[in-house]
Amino acid sequence: MSPASDVYLITGACGFLGERICRLLLEEEQGLAEIRLLDRNSKPELVQSLQASTSQTKVSMFEGDIRDSELLRRACRGVTLVIHTASIIDVFGAVDYSELYGVNVKGTQLLLEACIQESVASFVYTSSIEVAGPNPQGDPVINGDEDTPYPARLKFPYSRTKQEAEQLSLRAHGEPLCDGGRLATCILRPMYIYGDGCPFLLRNMAKSIRNGNVLLRTSRRDAKVNPAYVGNVALAHLRAAQALRDPERRAVVGGNFYFISDDTPPVSYSDFNHVLMSPLGFGIQEKLLLPYPLLFFLSFLMELLQWLLRPFLRYCPPLNRQLLILVNTPFTFSYRKAQKDIGYTPRYSWEESRMSTTDWLDSLLPQERERIKTH
């Protein structure tokens, strides 16, 4: 149990992962003096719900942009540990690079500077599996780990910004603080995160409804990945925070990155969606709509069209080459190092995770059908 003087700041706290981290902290760290939520979209009902779940820990909301240095200074004042999940996720090229860079990279830099100025001792950064790859050649990784050599050359803007933010966080490890201490940082690289509340799953379900309850196949069956349940990813953040707060483990964990997966069976992205949605009556295409080389060429043409139209209007292709490579490359990683160093072991089994996610999708299915029917 953390001492009652500890104050944690969670950025992106109103998001899919951030909210789960906040709830888990209140469940397991009963001695926390305060949890501060920082997000550009305030959710008063979330703050009320979190505050109602505890009588010991104060819950505070800081609403604003991660690029606001004054806001960050105020939010970090008196804080002992930051968990930084705030990020723009863009796999379709829908967001201008300047916006991606501003939030994902510059926002992280400003937050680290605020931590140093306000003497925040510990910093956990939520990175992404896309920092590892796959590379443009689609070289596979099967059950890789933190020491697996891989010729990564990132071309996707989102991947590059997450990589730059990760490097900033790693370089900040050991930086002197204003109170005479030193900052300890660590990085978590979750696999694709799924679970109740996942916006990508909801989007895929909507597309499938429009396609006559048939899931579109964009990935080959043999392109296996290992997604991770949001409850387990949240738990990994808690374990990382606990490790950084422990004087002995801090020296081991600080300055390192960790892949975060769980015991979800490896399967392709398309087939994973089907596993979750088949109990709701959804089918899936047997094969890719077109042969992979042709899909790759069409993706190139759509990217070219996007570039040509950019001065006049915003066109966002439904598929691009990097995304096509991403969902068609075998890419699985182990959580062994996280288990050894930070004490992370998945809490939720695959069956629990699957049932919880499918039940959530089922609860939203009628309103999704009605929404699509009326639009």
# chains A, B, ... in the order shown; residues from 1 in each chain; ligands from 1

call {"tool": "closest_atom_pairs", "arguments": {"of": "segment 130-242 of chain A", "to": "segment 101-125 of chain A", "cutoff": "9 Å", "atoms": "only C-alpha atoms", "output": "JSON lines"}}
result
{"residue": "A:Pro157", "atom": "CA", "partner": "A:Tyr101", "partner_atom": "CA", "distance": 8.5}
{"residue": "A:Tyr158", "atom": "CA", "partner": "A:Tyr101", "partner_atom": "CA", "distance": 8.5}
{"residue": "A:Arg160", "atom": "CA", "partner": "A:Tyr101", "partner_atom": "CA", "distance": 8.9}
{"residue": "A:Thr161", "atom": "CA", "partner": "A:Val105", "partner_atom": "CA", "distance": 5.9}
{"residue": "A:Lys162", "atom": "CA", "partner": "A:Asn104", "partner_atom": "CA", "distance": 6.4}
{"residue": "A:Gln163", "atom": "CA", "partner": "A:Val105", "partner_atom": "CA", "distance": 8.8}
{"residue": "A:Glu164", "atom": "CA", "partner": "A:Val105", "partner_atom": "CA", "distance": 6.3}
{"residue": "A:Ala165", "atom": "CA", "partner": "A:Val105", "partner_atom": "CA", "distance": 4.8}
{"residue": "A:Glu166", "atom": "CA", "partner": "A:Tyr125", "partner_atom": "CA", "distance": 7.3}
{"residue": "A:Leu168", "atom": "CA", "partner": "A:Gln109", "partner_atom": "CA", "distance": 6.7}
{"residue": "A:Ser169", "atom": "CA", "partner": "A:Tyr125", "partner_atom": "CA", "distance": 7.0}
{"residue": "A:Ala172", "atom": "CA", "partner": "A:Leu112", "partner_atom": "CA", "distance": 7.3}
{"residue": "A:His173", "atom": "CA", "partner": "A:Phe123", "partner_atom": "CA", "distance": 8.8}
{"residue": "A:Glu175", "atom": "CA", "partner": "A:Ile116", "partner_atom": "CA", "distance": 7.4}
{"residue": "A:Pro176", "atom": "CA", "partner": "A:Ile116", "partner_atom": "CA", "distance": 7.1}
{"residue": "A:Leu177", "atom": "CA", "partner": "A:Ile116", "partner_atom": "CA", "distance": 4.9}
{"residue": "A:Cys178", "atom": "CA", "partner": "A:Ser119", "partner_atom": "CA", "distance": 5.5}
{"residue": "A:Asp179", "atom": "CA", "partner": "A:Ser119", "partner_atom": "CA", "distance": 5.9}
{"residue": "A:Gly180", "atom": "CA", "partner": "A:Ser119", "partner_atom": "CA", "distance": 8.2}
{"residue": "A:Gly181", "atom": "CA", "partner": "A:Ala121", "partner_atom": "CA", "distance": 7.3}
{"residue": "A:Arg182", "atom": "CA", "partner": "A:Ala121", "partner_atom": "CA", "distance": 6.5}
{"residue": "A:Leu183", "atom": "CA", "partner": "A:Ala121", "partner_atom": "CA", "distance": 4.9}
{"residue": "A:Ala184", "atom": "CA", "partner": "A:Ser122", "partner_atom": "CA", "distance": 4.9}
{"residue": "A:Thr185", "atom": "CA", "partner": "A:Phe123", "partner_atom": "CA", "distance": 4.6}
{"residue": "A:Cys186", "atom": "CA", "partner": "A:Val124", "partner_atom": "CA", "distance": 5.2}
{"residue": "A:Ile187", "atom": "CA", "partner": "A:Tyr125", "partner_atom": "CA", "distance": 4.9}
{"residue": "A:Leu188", "atom": "CA", "partner": "A:Tyr125", "partner_atom": "CA", "distance": 6.3}
{"residue": "A:Arg189", "atom": "CA", "partner": "A:Tyr125", "partner_atom": "CA", "distance": 8.8}
{"residue": "A:His237", "atom": "CA", "partner": "A:Val124", "partner_atom": "CA", "distance": 7.4}
{"residue": "A:Ala240", "atom": "CA", "partner": "A:Val124", "partner_atom": "CA", "distance": 7.1}
{"residue": "A:Ala241", "atom": "CA", "partner": "A:Val124", "partner_atom": "CA", "distance": 6.8}

call {"tool": "residues_around", "arguments": {"residues": "segment 260-262 of chain A", "least_positions_apart": "6", "cutoff": "7 Å", "atoms": "only C-alpha atoms", "output": "number ranges by chain"}}
result
A: 188-191, 226-228, 233, 333-335, 346

call {"tool": "write_last_selection", "arguments": {"atoms": "N, CA and C atoms", "output": "PDB file, in the first residue's frame"}}
result
ATOM      1  N   LEU A 188       6.309   1.227 -21.304  1.00  0.00           N
ATOM      2  CA  LEU A 188       5.524   0.024 -21.557  1.00  0.00           C
ATOM      3  C   LEU A 188       5.068   0.042 -23.012  1.00  0.00           C
ATOM      4  N   ARG A 189       5.281  -1.077 -23.701  1.00  0.00           N
ATOM      5  CA  ARG A 189       4.853  -1.218 -25.095  1.00  0.00           C
ATOM      6  C   ARG A 189       3.748  -2.262 -25.179  1.00  0.00           C
ATOM      7  N   PRO A 190       2.505  -1.867 -25.000  1.00  0.00           N
ATOM      8  CA  PRO A 190       1.421  -2.846 -25.095  1.00  0.00           C
ATOM      9  C   PRO A 190       1.206  -3.309 -26.532  1.00  0.00           C
ATOM     10  N   MET A 191       0.728  -4.550 -26.652  1.00  0.00           N
ATOM     11  CA  MET A 191       0.225  -5.019 -27.929  1.00  0.00           C
ATOM     12  C   MET A 191      -1.058  -4.235 -28.254  1.00  0.00           C
ATOM     13  N   ASN A 226      -0.654 -10.963 -31.049  1.00  0.00           N
ATOM     14  CA  ASN A 226      -1.205 -11.326 -29.740  1.00  0.00           C
ATOM     15  C   ASN A 226      -1.723 -10.088 -29.011  1.00  0.00           C
ATOM     16  N   PRO A 227      -2.994  -9.731 -29.249  1.00  0.00           N
ATOM     17  CA  PRO A 227      -3.598  -8.595 -28.562  1.00  0.00           C
ATOM     18  C   PRO A 227      -3.593  -8.801 -27.045  1.00  0.00           C
ATOM     19  N   ALA A 228      -3.783  -7.694 -26.311  1.00  0.00           N
ATOM     20  CA  ALA A 228      -3.788  -7.752 -24.849  1.00  0.00           C
ATOM     21  C   ALA A 228      -5.042  -7.072 -24.322  1.00  0.00           C
ATOM     22  N   VAL A 233      -3.428  -4.737 -19.338  1.00  0.00           N
ATOM     23  CA  VAL A 233      -2.521  -3.634 -19.649  1.00  0.00           C
ATOM     24  C   VAL A 233      -2.544  -2.594 -18.526  1.00  0.00           C
ATOM     25  N   PHE A 333       4.835 -11.005 -29.233  1.00  0.00           N
ATOM     26  CA  PHE A 333       5.866 -10.732 -28.237  1.00  0.00           C
ATOM     27  C   PHE A 333       5.479 -11.289 -26.872  1.00  0.00           C
ATOM     28  N   SER A 334       6.493 -11.654 -26.114  1.00  0.00           N
ATOM     29  CA  SER A 334       6.327 -12.244 -24.788  1.00  0.00           C
ATOM     30  C   SER A 334       6.337 -11.170 -23.703  1.00  0.00           C
ATOM     31  N   TYR A 335       5.672 -11.459 -22.578  1.00  0.00           N
ATOM     32  CA  TYR A 335       5.713 -10.546 -21.428  1.00  0.00           C
ATOM     33  C   TYR A 335       6.663 -11.050 -20.335  1.00  0.00           C
ATOM     34  N   PRO A 346      -0.636 -11.501 -15.989  1.00  0.00           N
ATOM     35  CA  PRO A 346      -2.018 -11.169 -16.361  1.00  0.00           C
ATOM     36  C   PRO A 346      -3.017 -11.633 -15.302  1.00  0.00           C
TER      37      PRO A 346
END

call {"tool": "residues_around", "arguments": {"residues": "Arg36 of chain A", "least_positions_apart": "4", "cutoff": "12 Å", "atoms": "only C-alpha atoms", "output": "PyMOL selection string"}}
result
chain A and resi 6-14+18-19+21-22+25-26+32+47+50-51+57-63+72+74-84

call {"tool": "atom_distance", "arguments": {"atom1": "atom CA of Phe272 of chain A", "atom2": "atom CA of Pro199 of chain A"}}
result
15.1 Å

call {"tool": "closest_residue", "arguments": {"among": "A:Leu324, A:Leu215, A:Ile35, A:Val225", "to": "Glu286 of chain A", "atoms": "only C-alpha atoms"}}
result
A:Leu215
